[in-house]
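What follows is the content of start03.txt, which has compact mmCIF, C-alpha atoms and all ligand atoms:
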# COMPACT_ATOMS: atom_id res chain seq x y z
CA SER A 143 87.84 -15.37 -21.49
CA GLY A 144 85.72 -16.71 -24.36
CA SER A 145 83.95 -13.39 -24.81
CA LEU A 146 84.24 -11.10 -27.83
CA THR A 147 84.13 -7.27 -27.72
CA VAL A 148 83.32 -5.31 -30.91
CA LEU A 149 83.26 -1.59 -31.71
CA GLY A 150 80.66 -0.52 -34.31
CA LEU A 151 80.38 2.72 -36.35
CA GLU A 152 77.39 4.07 -38.31
CA SER A 153 77.27 7.24 -40.46
CA SER A 154 75.25 6.40 -43.59
CA CYS A 155 72.41 8.91 -43.17
CA ASP A 156 71.82 11.72 -40.66
CA ASP A 157 72.92 10.02 -37.43
CA THR A 158 76.53 9.58 -36.33
CA ALA A 159 76.71 6.55 -34.03
CA ALA A 160 79.20 4.33 -32.21
CA ALA A 161 78.61 1.34 -29.95
CA VAL A 162 80.49 -1.33 -28.01
CA LEU A 163 78.98 -4.81 -27.80
CA ARG A 164 80.21 -7.92 -26.00
CA ARG A 165 79.19 -11.47 -26.85
CA TYR A 166 79.74 -13.97 -24.04
CA ALA A 167 80.74 -17.60 -24.42
CA GLY A 168 77.16 -18.65 -23.66
CA GLY A 169 75.98 -16.84 -26.80
CA GLU A 170 74.18 -13.86 -25.26
CA THR A 171 75.19 -10.35 -26.37
CA GLU A 172 75.35 -7.26 -24.15
CA ILE A 173 75.22 -3.66 -25.39
CA LEU A 174 77.95 -2.00 -23.30
CA SER A 175 77.27 1.38 -24.91
CA SER A 176 75.33 2.86 -27.84
CA VAL A 177 75.87 6.54 -28.62
CA VAL A 178 73.84 8.36 -31.32
CA TYR A 179 74.47 11.97 -32.37
CA GLY A 180 71.51 13.19 -34.45
CA GLN A 181 71.80 15.90 -37.11
CA THR A 182 68.13 16.91 -37.31
CA ASP A 183 68.85 20.49 -36.22
CA LEU A 184 71.53 20.95 -38.89
CA HIS A 185 69.13 20.06 -41.70
CA ALA A 186 65.96 21.65 -40.23
CA ASP A 187 66.04 24.77 -42.45
CA PHE A 188 66.45 22.77 -45.68
CA GLY A 189 63.40 20.45 -45.62
CA GLY A 190 65.58 17.33 -45.91
CA VAL A 191 69.04 15.90 -45.31
CA VAL A 192 71.73 17.90 -47.18
CA PRO A 193 74.46 15.37 -48.17
CA GLU A 194 77.39 17.84 -48.00
CA ILE A 195 76.38 19.11 -44.56
CA ALA A 196 75.80 15.55 -43.35
CA ALA A 197 79.24 14.38 -44.53
CA ARG A 198 81.05 17.22 -42.77
CA ALA A 199 79.08 16.71 -39.57
CA HIS A 200 79.89 12.97 -39.59
CA ALA A 201 83.59 13.65 -40.13
CA GLU A 202 83.59 16.05 -37.20
CA ALA A 203 81.49 13.93 -34.84
CA LEU A 204 82.92 10.43 -35.40
CA ASP A 205 85.99 10.81 -33.15
CA HIS A 206 83.95 12.12 -30.22
CA CYS A 207 81.30 9.52 -30.78
CA VAL A 208 83.85 6.65 -30.65
CA GLU A 209 85.51 8.16 -27.58
CA GLN A 210 82.18 8.47 -25.80
CA ALA A 211 81.13 4.92 -26.69
CA LEU A 212 84.42 3.57 -25.26
CA THR A 213 84.11 5.72 -22.11
CA GLN A 214 80.50 4.70 -21.48
CA ALA A 215 81.43 1.04 -21.99
CA GLU A 216 84.31 1.53 -19.51
CA CYS A 217 86.42 -0.12 -22.14
CA GLY A 218 89.81 0.87 -23.57
CA LEU A 219 90.60 0.54 -27.27
CA GLY A 220 92.98 -2.23 -26.14
CA GLU A 221 90.03 -4.40 -25.10
CA ILE A 222 88.32 -4.15 -28.51
CA GLU A 223 88.75 -7.29 -30.63
CA ALA A 224 87.15 -6.26 -33.94
CA ILE A 225 85.88 -3.13 -35.69
CA ALA A 226 82.62 -2.97 -37.67
CA VAL A 227 81.50 -0.10 -39.88
CA THR A 228 78.56 0.60 -42.19
CA ALA A 229 80.02 0.40 -45.72
CA GLY A 230 76.72 1.21 -47.50
CA PRO A 231 74.11 1.76 -48.79
CA GLY A 232 73.67 5.45 -47.96
CA LEU A 233 74.91 8.98 -48.59
CA ILE A 234 78.42 8.43 -49.93
CA GLY A 235 80.09 11.27 -47.98
CA GLY A 236 78.88 9.92 -44.67
CA VAL A 237 79.72 6.30 -45.54
CA VAL A 238 83.25 7.30 -46.65
CA SER A 239 83.77 9.24 -43.38
CA GLY A 240 82.82 6.16 -41.34
CA VAL A 241 84.93 3.76 -43.43
CA MET A 242 88.00 6.04 -43.23
CA CYS A 243 87.61 6.42 -39.46
CA ALA A 244 87.30 2.63 -39.07
CA LYS A 245 90.35 2.01 -41.28
CA GLY A 246 92.35 4.47 -39.17
CA LEU A 247 91.39 2.61 -36.00
CA ALA A 248 92.17 -0.74 -37.63
CA ALA A 249 95.56 0.52 -38.86
CA ALA A 250 96.48 1.83 -35.41
CA THR A 251 95.41 -1.34 -33.57
CA GLY A 252 95.90 -4.14 -36.11
CA LEU A 253 92.33 -5.32 -35.44
CA PRO A 254 90.14 -7.14 -38.00
CA LEU A 255 87.79 -4.80 -39.90
CA TYR A 256 84.28 -5.74 -41.05
CA GLY A 257 82.24 -3.70 -43.57
CA ILE A 258 78.53 -4.10 -42.82
CA ASN A 259 75.50 -3.53 -45.05
CA HIS A 260 73.25 -1.03 -43.22
CA LEU A 261 70.14 -2.99 -44.23
CA ALA A 262 71.66 -6.22 -42.86
CA GLY A 263 72.19 -4.32 -39.60
CA HIS A 264 68.47 -3.47 -39.41
CA ALA A 265 67.43 -6.94 -40.54
CA LEU A 266 69.51 -8.80 -37.91
CA THR A 267 68.49 -6.56 -34.97
CA PRO A 268 65.62 -8.80 -33.71
CA ARG A 269 68.24 -11.42 -32.73
CA LEU A 270 70.08 -8.89 -30.58
CA THR A 271 67.29 -8.66 -28.02
CA ASP A 272 65.08 -11.69 -28.70
CA ASP A 273 65.61 -15.38 -29.17
CA VAL A 274 64.50 -15.39 -32.84
CA PRO A 275 65.86 -18.39 -34.80
CA TYR A 276 66.79 -18.21 -38.51
CA PRO A 277 64.97 -18.13 -40.85
CA TYR A 278 62.47 -15.34 -40.18
CA LEU A 279 60.44 -12.82 -42.15
CA MET A 280 61.35 -9.14 -41.80
CA LEU A 281 59.46 -5.99 -42.78
CA LEU A 282 61.89 -3.09 -42.86
CA VAL A 283 60.00 0.25 -42.82
CA SER A 284 61.82 3.55 -42.37
CA GLY A 285 62.25 6.97 -43.95
CA GLY A 286 64.48 5.49 -46.63
CA HIS A 287 63.53 1.83 -46.90
CA CYS A 288 60.57 -0.46 -47.31
CA GLN A 289 61.08 -4.12 -48.08
CA PHE A 290 60.13 -7.67 -47.13
CA LEU A 291 63.14 -9.91 -46.49
CA MET A 292 63.45 -13.57 -45.71
CA VAL A 293 66.43 -13.65 -43.34
CA GLU A 294 68.01 -17.10 -43.74
CA GLY A 295 71.30 -16.45 -41.95
CA PRO A 296 73.73 -13.66 -40.91
CA ASP A 297 74.72 -13.06 -44.54
CA SER A 298 71.83 -14.59 -46.43
CA PHE A 299 68.75 -12.55 -47.37
CA VAL A 300 66.02 -13.09 -49.93
CA ARG A 301 64.05 -10.00 -50.96
CA LEU A 302 60.37 -10.89 -51.39
CA GLY A 303 59.23 -7.41 -52.46
CA GLY A 304 59.43 -3.75 -51.59
CA THR A 305 58.39 -0.24 -52.50
CA ILE A 306 58.56 0.79 -56.15
CA ASP A 307 58.76 4.49 -55.23
CA ASP A 308 58.71 6.23 -51.80
CA ALA A 309 59.29 4.65 -48.39
CA PRO A 310 56.36 4.98 -45.91
CA GLY A 311 58.35 7.27 -43.58
CA GLU A 312 59.02 9.55 -46.55
CA ALA A 313 55.26 9.59 -47.27
CA PHE A 314 54.51 10.51 -43.62
CA ASP A 315 57.09 13.31 -43.82
CA LYS A 316 55.74 14.67 -47.13
CA VAL A 317 52.12 14.54 -45.93
CA ALA A 318 53.12 16.42 -42.77
CA ARG A 319 54.68 19.12 -44.96
CA LEU A 320 51.52 19.31 -47.14
CA LEU A 321 49.37 19.79 -44.04
CA GLY A 322 51.64 22.27 -42.26
CA LEU A 323 52.75 19.82 -39.55
CA PRO A 324 56.34 19.72 -38.15
CA GLN A 325 59.14 17.26 -39.08
CA PRO A 326 59.74 14.41 -38.57
CA GLY A 327 56.27 13.91 -40.00
CA GLY A 328 55.47 10.43 -38.65
CA PRO A 329 54.86 11.30 -34.99
CA ALA A 330 53.07 14.57 -35.94
CA VAL A 331 50.71 12.86 -38.40
CA GLU A 332 50.02 10.04 -35.91
CA ALA A 333 49.15 12.50 -33.13
CA THR A 334 46.88 14.54 -35.43
CA ALA A 335 45.24 11.37 -36.79
CA ALA A 336 44.07 10.53 -33.26
CA GLN A 337 41.69 13.52 -33.44
CA GLY A 338 40.22 12.57 -36.84
CA ALA A 339 38.05 10.01 -38.64
CA ALA A 340 39.72 7.33 -40.77
CA ASP A 341 36.73 7.32 -43.16
CA GLY A 342 36.74 11.11 -43.54
CA PHE A 343 38.39 10.93 -46.96
CA ALA A 344 38.40 8.10 -49.52
CA LEU A 345 42.10 7.55 -50.32
CA PRO A 346 43.58 4.84 -52.57
CA ARG A 347 45.27 1.60 -51.41
CA PRO A 348 48.03 1.48 -54.07
CA LEU A 349 48.99 -1.87 -55.65
CA LEU A 350 46.51 -3.90 -53.58
CA ASP A 351 44.87 -4.97 -56.84
CA ARG A 352 48.16 -6.47 -58.04
CA PRO A 353 49.61 -9.81 -56.89
CA GLY A 354 52.85 -10.05 -54.92
CA CYS A 355 54.19 -7.93 -52.11
CA ASP A 356 55.55 -4.85 -53.86
CA LEU A 357 54.29 -1.56 -52.43
CA SER A 358 53.82 2.04 -53.61
CA PHE A 359 53.25 5.20 -51.58
CA SER A 360 53.80 8.10 -53.95
CA GLY A 361 50.22 8.03 -55.38
CA LEU A 362 48.80 8.08 -51.86
CA LYS A 363 50.75 11.25 -51.10
CA THR A 364 49.43 12.86 -54.32
CA ALA A 365 45.87 11.87 -53.34
CA VAL A 366 46.34 13.67 -50.00
CA LEU A 367 47.56 16.75 -51.89
CA ARG A 368 44.45 16.71 -54.16
CA ALA A 369 42.09 16.22 -51.21
CA ARG A 370 43.74 19.10 -49.34
CA ASP A 371 43.45 21.40 -52.38
CA ALA A 372 39.76 20.49 -52.81
CA VAL A 373 39.05 21.42 -49.17
CA VAL A 374 41.02 24.66 -49.46
CA ALA A 375 39.21 25.58 -52.71
CA ALA A 376 35.78 24.90 -51.18
CA GLN A 377 36.34 26.40 -47.73
CA GLY A 378 39.06 29.00 -48.29
CA GLY A 379 41.43 27.21 -45.89
CA LEU A 380 42.12 23.90 -44.15
CA PRO A 381 40.02 23.60 -40.97
CA GLU A 382 41.53 21.66 -38.03
CA ALA A 383 38.87 18.95 -38.32
CA ALA A 384 39.58 18.34 -42.03
CA ARG A 385 43.32 18.20 -41.35
CA ALA A 386 42.77 15.59 -38.64
CA ASP A 387 40.47 13.56 -40.93
CA LEU A 388 43.10 13.68 -43.69
CA CYS A 389 45.81 12.42 -41.31
CA ALA A 390 43.55 9.63 -40.01
CA SER A 391 42.50 8.60 -43.53
CA PHE A 392 46.10 8.63 -44.78
CA GLN A 393 47.33 6.56 -41.83
CA ALA A 394 44.50 4.05 -42.28
CA ALA A 395 45.47 3.61 -45.94
CA ILE A 396 49.11 2.95 -44.96
CA VAL A 397 48.02 0.42 -42.31
CA ASP A 398 45.73 -1.39 -44.79
CA VAL A 399 48.49 -1.63 -47.40
CA LEU A 400 51.22 -2.75 -44.99
CA VAL A 401 48.98 -5.36 -43.32
CA GLU A 402 47.69 -6.84 -46.61
CA LYS A 403 51.16 -6.97 -48.18
CA SER A 404 52.57 -8.51 -44.98
CA HIS A 405 49.84 -11.14 -45.22
CA ARG A 406 50.98 -11.94 -48.77
CA ALA A 407 54.64 -12.01 -47.74
CA LEU A 408 53.74 -14.55 -45.02
CA ASP A 409 51.94 -16.69 -47.63
CA LEU A 410 54.93 -16.42 -50.00
CA TYR A 411 57.24 -17.41 -47.17
CA ARG A 412 55.10 -20.42 -46.27
CA ASP A 413 55.23 -21.60 -49.89
CA THR A 414 59.04 -21.52 -50.02
CA GLY A 415 60.53 -21.45 -46.53
CA PRO A 416 60.81 -24.18 -43.91
CA GLY A 417 58.36 -24.32 -41.00
CA GLN A 418 56.51 -21.48 -39.36
CA PRO A 419 58.41 -18.15 -39.50
CA SER A 420 58.57 -15.40 -36.93
CA PHE A 421 57.48 -12.03 -38.35
CA CYS A 422 59.77 -9.15 -37.37
CA VAL A 423 59.45 -5.45 -38.06
CA ALA A 424 62.19 -2.78 -37.82
CA GLY A 425 62.78 0.83 -38.87
CA GLY A 426 61.48 4.19 -37.59
CA VAL A 427 57.94 3.71 -38.96
CA ALA A 428 57.56 0.66 -36.70
CA ALA A 429 57.08 3.24 -33.92
CA ASN A 430 53.56 3.92 -35.27
CA THR A 431 50.99 2.38 -32.91
CA ALA A 432 48.32 1.83 -35.56
CA ILE A 433 50.80 0.04 -37.85
CA ARG A 434 52.16 -2.06 -34.98
CA ARG A 435 48.63 -3.04 -33.86
CA GLY A 436 47.62 -3.97 -37.41
CA LEU A 437 50.65 -6.23 -37.82
CA GLU A 438 50.22 -7.74 -34.33
CA THR A 439 46.62 -8.65 -35.14
CA LEU A 440 47.61 -10.14 -38.49
CA CYS A 441 50.23 -12.34 -36.80
CA ALA A 442 47.91 -13.37 -33.97
CA ASP A 443 45.28 -14.45 -36.53
CA ALA A 444 47.90 -16.33 -38.57
CA GLY A 445 49.43 -18.03 -35.51
CA VAL A 446 52.80 -16.41 -36.24
CA ARG A 447 55.14 -14.99 -33.60
CA PHE A 448 55.44 -11.17 -33.87
CA CYS A 449 58.64 -9.44 -32.85
CA ALA A 450 59.63 -5.76 -32.88
CA PRO A 451 62.94 -4.57 -31.40
CA PRO A 452 62.82 -1.71 -28.85
CA LEU A 453 62.51 1.64 -30.61
CA ALA A 454 66.07 2.82 -29.93
CA LEU A 455 67.30 -0.23 -31.86
CA CYS A 456 64.68 0.18 -34.65
CA THR A 457 66.02 3.57 -35.73
CA ASP A 458 69.59 4.11 -36.97
CA ASN A 459 72.26 3.10 -34.42
CA ALA A 460 75.70 1.46 -34.31
CA ALA A 461 74.78 -1.39 -31.96
CA MET A 462 73.09 -3.13 -34.91
CA ILE A 463 76.29 -2.71 -36.98
CA ALA A 464 78.54 -4.23 -34.29
CA PHE A 465 75.96 -7.00 -33.80
CA ALA A 466 75.85 -7.81 -37.55
CA ALA A 467 79.64 -8.23 -37.49
CA ILE A 468 79.41 -10.56 -34.46
CA GLU A 469 76.80 -12.64 -36.32
CA GLN A 470 78.78 -12.68 -39.59
CA MET A 471 82.13 -13.63 -38.04
CA SER A 472 81.11 -17.28 -38.09
CA THR A 473 80.27 -17.16 -41.81
CA ARG A 474 82.98 -15.01 -43.45
CA PRO A 475 86.48 -13.52 -43.04
CA PRO A 476 87.04 -9.80 -42.25
CA ASP A 477 87.27 -7.31 -45.14
CA GLY A 478 90.43 -5.53 -43.95
CA PHE A 479 91.79 -2.61 -45.96
CA ALA A 480 90.22 -3.85 -49.22
CA LEU A 481 86.95 -2.51 -47.83
CA SER A 482 85.37 0.28 -49.89
CA ALA A 483 82.28 2.45 -49.42
CA ARG A 484 79.27 1.49 -51.56
CA PRO A 485 76.54 4.13 -52.04
CA ARG A 486 74.28 1.44 -53.56
CA TRP A 487 74.38 -2.04 -52.07
CA PRO A 488 71.23 -4.16 -52.38
CA LEU A 489 70.98 -7.09 -49.99
O1 LIG B 1 64.61 4.44 -39.24
P1 LIG B 1 64.55 5.93 -39.17
O2 LIG B 1 64.83 6.60 -37.85
O3 LIG B 1 65.53 6.60 -40.21
C1 LIG B 1 65.69 6.15 -41.49
O4 LIG B 1 64.84 6.48 -42.33
O5 LIG B 1 66.69 5.43 -41.73
O6 LIG B 1 63.08 6.35 -39.67
C2 LIG B 1 62.67 7.69 -39.70
C3 LIG B 1 61.30 7.75 -40.32
C4 LIG B 1 60.84 9.17 -40.59
O7 LIG B 1 60.36 9.26 -41.91
C5 LIG B 1 59.72 9.36 -39.57
O8 LIG B 1 58.71 10.25 -40.00
C6 LIG B 1 59.19 7.96 -39.42
O9 LIG B 1 60.33 7.14 -39.46
N1 LIG B 1 58.45 7.81 -38.17
C7 LIG B 1 57.15 7.51 -38.09
C8 LIG B 1 56.80 7.54 -36.72
N2 LIG B 1 57.92 7.85 -36.00
C9 LIG B 1 58.94 8.00 -36.91
N3 LIG B 1 56.24 7.25 -39.05
C10 LIG B 1 54.98 6.99 -38.65
N4 LIG B 1 54.57 7.02 -37.36
C11 LIG B 1 55.43 7.28 -36.36
N5 LIG B 1 55.02 7.31 -35.10
ZN ZN B 2 68.42 2.91 -41.35

Could the structure of this file be written out as structure tokens, please?
Amino acid sequence: SGSLTVLGLESSCDDTAAAVLRRYAGGETEILSSVVYGQTDLHADFGGVVPEIAARAHAEALDHCVEQALTQAECGLGEIEAIAVTAGPGLIGGVVSGVMCAKGLAAATGLPLYGINHLAGHALTPRLTDDVPYPYLMLLVSGGHCQFLMVEGPDSFVRLGGTIDDAPGEAFDKVARLLGLPQPGGPAVEATAAQGAADGFALPRPLLDRPGCDLSFSGLKTAVLRARDAVVAAQGGLPEAARADLCASFQAAIVDVLVEKSHRALDLYRDTGPGQPSFCVAGGVAANTAIRRGLETLCADAGVRFCAPPLALCTDNAAMIAFAAIEQMSTRPPDGFALSARPRWPL
């Protein structure tokens, strides 16, 4: 038929996911199904993802997840032509669960097995929905990651810079906790920021005084803590208005830092890469409207095409893992049973 149907699995953090994708002879790819089981409720009482709980939940959910992805795709296991699984980086228990499940499926069917780097999955996603040619510049911003990548091909990435401490999503989550807002912190801080003034508090713009496109967010979080404590000491509590101003000031600092460092990454790219790049953003933090607007404006001013995948494909999912395998099939052989889980796996 000339088409290719791939099953993908993802279990490296707190989402268990399975997806079926089909690439047609003409080159376009269709998502036949993409199932994501979140674990947020399981970890809610602990203030973060608990690795042991996550691993057990993945092991229990993977079978159902795969079954549901096949059912929704109206596709039998017999129609699948390759299996893709996240082999790292991530929480080792979850990654091992996914890899073992994928090996079981590969053993039962004799299908080729591809181990995919989770970050490569995120970084290749723009090509799943948009006609973005290689090479392009990618800003990956999530709860666990923050880096600038030059994406040269399906298996070829150059890291231009990244965070030296926290990821921005982590900073949003911690600030939400400091200010008594619910988790996940990003949406809560963004909503509260809409009621406040961005110049209400003078917060730092970490690393802007240093060249290059490395970032830092841990000092910004500490500055929010100090500002909160000063308000509480002076007023005996944190008034709604001060909380909103703190959220708005914090978000404005994040926007300033991300936009300026993106500007520098574009300049770096222009000095080394061929032609005019597209600028793509992915990861949960890309859901933030202020951040998106800031980056859109930067790209419009620089005459660079801006591209952000739809939100469901920005956050963790298995469609991006199946898609990465489809992209990489032309550049490398399958991993087969030699595949092992890698908790750390830089691109
Ligand atoms: O990509 P993702 O779903 O999971 C990983 O970290 O891999 O990203 C989740 C992160 C959380 O830290 C969450 O607070 C943040 O993305 N986030 C946001 C917004 N929505 C989600 N941060 C800022 N503004 C938002 N609207
Ligand atoms: Zn992720």

Would you mind listing, for every residue of chain A within 12 Å of ligand ZN 2 (chain B), the two atoms forming the shortest contact and the distance between them in Å to one decimal, using all atoms listed in the file, sorted by chain and ascending residue number, as a tab-separated table?
residue	atom	partner	partner_atom	distance
A:Glu152	CA	B:ZN2	ZN	9.5
A:Ser153	CA	B:ZN2	ZN	9.9
A:Ser154	CA	B:ZN2	ZN	8.0
A:Cys155	CA	B:ZN2	ZN	7.4
A:Asp156	CA	B:ZN2	ZN	9.5
A:Asp157	CA	B:ZN2	ZN	9.3
A:Thr158	CA	B:ZN2	ZN	11.6
A:Ala159	CA	B:ZN2	ZN	11.6
A:Thr228	CA	B:ZN2	ZN	10.4
A:Gly230	CA	B:ZN2	ZN	10.5
A:Pro231	CA	B:ZN2	ZN	9.4
A:Gly232	CA	B:ZN2	ZN	8.8
A:Leu233	CA	B:ZN2	ZN	11.5
A:Asn259	CA	B:ZN2	ZN	10.3
A:His260	CA	B:ZN2	ZN	6.5
A:Leu261	CA	B:ZN2	ZN	6.8
A:Ala262	CA	B:ZN2	ZN	9.8
A:Gly263	CA	B:ZN2	ZN	8.3
A:His264	CA	B:ZN2	ZN	6.7
A:Ala265	CA	B:ZN2	ZN	9.9
A:Thr267	CA	B:ZN2	ZN	11.4
A:Leu282	CA	B:ZN2	ZN	9.0
A:Val283	CA	B:ZN2	ZN	9.0
A:Ser284	CA	B:ZN2	ZN	6.7
A:Gly285	CA	B:ZN2	ZN	7.8
A:Gly286	CA	B:ZN2	ZN	7.1
A:His287	CA	B:ZN2	ZN	7.5
A:Cys288	CA	B:ZN2	ZN	10.4
A:Ala309	CA	B:ZN2	ZN	11.7
A:Gly311	CA	B:ZN2	ZN	11.2
A:Ala424	CA	B:ZN2	ZN	9.1
A:Gly425	CA	B:ZN2	ZN	6.5
A:Gly426	CA	B:ZN2	ZN	8.0
A:Val427	CA	B:ZN2	ZN	10.8
A:Ala454	CA	B:ZN2	ZN	11.7
A:Leu455	CA	B:ZN2	ZN	10.1
A:Cys456	CA	B:ZN2	ZN	8.1
A:Thr457	CA	B:ZN2	ZN	6.1
A:Asp458	CA	B:ZN2	ZN	4.7
A:Asn459	CA	B:ZN2	ZN	7.9
A:Ala460	CA	B:ZN2	ZN	10.2
A:Met462	CA	B:ZN2	ZN	10.0
A:Ile463	CA	B:ZN2	ZN	10.6

Box along x, y and z, 8 Å on every side, all listed atoms of ligand LIG 1 (chain B) inside: centre and edge lengths in Å to one decimal, as lines of an AutoDock Vina configuration file.
center_x = 60.6
center_y = 7.3
center_z = -38.7
size_x = 28.1
size_y = 21.8
size_z = 23.2

TODO: May I ask which of the residues A:Cys243, A:Val331, A:Ala375, A:Leu323 is the closest one to Asn430 of chain A, counting only C-alpha atoms?
DONE: A:Val331

Task: Computed interatomic separation between atom CA of Ala429 of chain A and atom O3 of ligand LIG 1 (chain B) (Å) - done: 11.1 Å

Open item on the list: Report as a ChimeraX atom specification all protein, DNA and RNA residues lying within 7 Å of segment 381-386 of chain A, evaluated on all atoms listed in the file, omitting residues in the same chain fewer than 3 positions from it.
Closed with: /A:321,334-335,337-338,389-390

Output file for the selection above: C-alpha atoms, as a PDB file, in the coordinates of the input:
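Contents of out.pdb, freshly written:
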ATOM      1  CA  LEU A 321      49.370  19.790 -44.040  1.00  0.00           C
ATOM      2  CA  THR A 334      46.880  14.540 -35.430  1.00  0.00           C
ATOM      3  CA  ALA A 335      45.240  11.370 -36.790  1.00  0.00           C
ATOM      4  CA  GLN A 337      41.690  13.520 -33.440  1.00  0.00           C
ATOM      5  CA  GLY A 338      40.220  12.570 -36.840  1.00  0.00           C
ATOM      6  CA  CYS A 389      45.810  12.420 -41.310  1.00  0.00           C
ATOM      7  CA  ALA A 390      43.550   9.630 -40.010  1.00  0.00           C
TER       8      ALA A 390
END

Task: Point-to-point distance in Å for atom CA of Gln393 of chain A and atom CA of Phe343 of chain A - done: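 Pair atom CA of Phe343 of chain A / atom CA of Gln393 of chain A returns 11.2 Å.
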
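Counting only C-alpha atoms and comparing A:Leu281, A:Ala467, A:Ala226, A:Ile258, the residue that lies closest to Ser420 of chain A is A:Leu281.
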
- [ ] Up to 10 Å from (70.2, 19.3, -39.8) in the file's coordinates: name the residues, counting all atoms listed in the file, as JSON, numbers by chain.
- [x] {"A": [156, 157, 180, 181, 182, 183, 184, 185, 186, 187, 188, 189, 190, 191, 192, 195, 196, 199]}

Deliver the residues from the most recent selection as a file, using C-alpha atoms, as a tab-separated table (two decimals), in the frame of the given file.
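Listed below is the output, selection.tsv:
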chain	number	residue	atom	x	y	z
A	156	ASP	CA	71.82	11.72	-40.66
A	157	ASP	CA	72.92	10.02	-37.43
A	180	GLY	CA	71.51	13.19	-34.45
A	181	GLN	CA	71.80	15.90	-37.11
A	182	THR	CA	68.13	16.91	-37.31
A	183	ASP	CA	68.85	20.49	-36.22
A	184	LEU	CA	71.53	20.95	-38.89
A	185	HIS	CA	69.13	20.06	-41.70
A	186	ALA	CA	65.96	21.65	-40.23
A	187	ASP	CA	66.04	24.77	-42.45
A	188	PHE	CA	66.45	22.77	-45.68
A	189	GLY	CA	63.40	20.45	-45.62
A	190	GLY	CA	65.58	17.33	-45.91
A	191	VAL	CA	69.04	15.90	-45.31
A	192	VAL	CA	71.73	17.90	-47.18
A	195	ILE	CA	76.38	19.11	-44.56
A	196	ALA	CA	75.80	15.55	-43.35
A	199	ALA	CA	79.08	16.71	-39.57

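Picture a line from atom CA of Leu350 of chain A to atom CA of Leu400 of chain A; it runs 9.9 Å.
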
- [ ] Give me the residues within 10 Å of Phe299 of chain A as JSON, numbers by chain, counting all atoms listed in the file and dropping any in the same chain fewer than 2 places off.
- [x] {"A": [262, 265, 277, 278, 279, 280, 290, 291, 292, 293, 294, 295, 296, 297, 301, 302, 489]}

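In this comparison, which uses all atoms listed in the file, the residue of A:Gln325, A:Thr147, A:Gln377, A:Thr473 approaching ligand LIG 1 (chain B) most closely is A:Gln325.
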
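Proximity ranking of A:Ala395, A:Ala224, A:Ala442, A:Ala339 relative to Phe359 of chain A places A:Ala395 first, based on only C-alpha atoms.
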
Task: Which residue of A:Arg319, A:Arg165, A:Arg412, A:His405 approaches ligand LIG 1 (chain B) most closely, using all atoms listed in the file - done: A:Arg319

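Residue nearest ligand LIG 1 (chain B), chosen from A:Ser145, A:Thr431, A:Thr439, A:Ser482 and counting only C-alpha atoms and all ligand atoms: A:Thr431.
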
Distance query Cys217 of chain A at most 12 Å, all atoms listed in the file, self and fewer than 2 positions along chain excluded, as an mmCIF file with C-alpha atoms, in the coordinates of the input:
data_model
loop_
_atom_site.group_PDB
_atom_site.id
_atom_site.type_symbol
_atom_site.label_atom_id
_atom_site.label_comp_id
_atom_site.auth_asym_id
_atom_site.auth_seq_id
_atom_site.Cartn_x
_atom_site.Cartn_y
_atom_site.Cartn_z
ATOM 1 C CA THR A 147 84.130 -7.270 -27.720
ATOM 2 C CA VAL A 148 83.320 -5.310 -30.910
ATOM 3 C CA LEU A 149 83.260 -1.590 -31.710
ATOM 4 C CA ALA A 161 78.610 1.340 -29.950
ATOM 5 C CA VAL A 162 80.490 -1.330 -28.010
ATOM 6 C CA LEU A 163 78.980 -4.810 -27.800
ATOM 7 C CA ARG A 164 80.210 -7.920 -26.000
ATOM 8 C CA LEU A 174 77.950 -2.000 -23.300
ATOM 9 C CA SER A 175 77.270 1.380 -24.910
ATOM 10 C CA VAL A 208 83.850 6.650 -30.650
ATOM 11 C CA GLU A 209 85.510 8.160 -27.580
ATOM 12 C CA GLN A 210 82.180 8.470 -25.800
ATOM 13 C CA ALA A 211 81.130 4.920 -26.690
ATOM 14 C CA LEU A 212 84.420 3.570 -25.260
ATOM 15 C CA THR A 213 84.110 5.720 -22.110
ATOM 16 C CA GLN A 214 80.500 4.700 -21.480
ATOM 17 C CA ALA A 215 81.430 1.040 -21.990
ATOM 18 C CA LEU A 219 90.600 0.540 -27.270
ATOM 19 C CA GLY A 220 92.980 -2.230 -26.140
ATOM 20 C CA GLU A 221 90.030 -4.400 -25.100
ATOM 21 C CA ILE A 222 88.320 -4.150 -28.510
ATOM 22 C CA GLU A 223 88.750 -7.290 -30.630
#

TODO: Please determine the residues with any atom at most 10 Å from (39.0, 8.5, -48.3) (coordinates as given in the file, with only C-alpha atoms counting) and report them as a ChimeraX atom specification.
DONE: /A:339-347,365-366,369,387-388,390-392,394-395
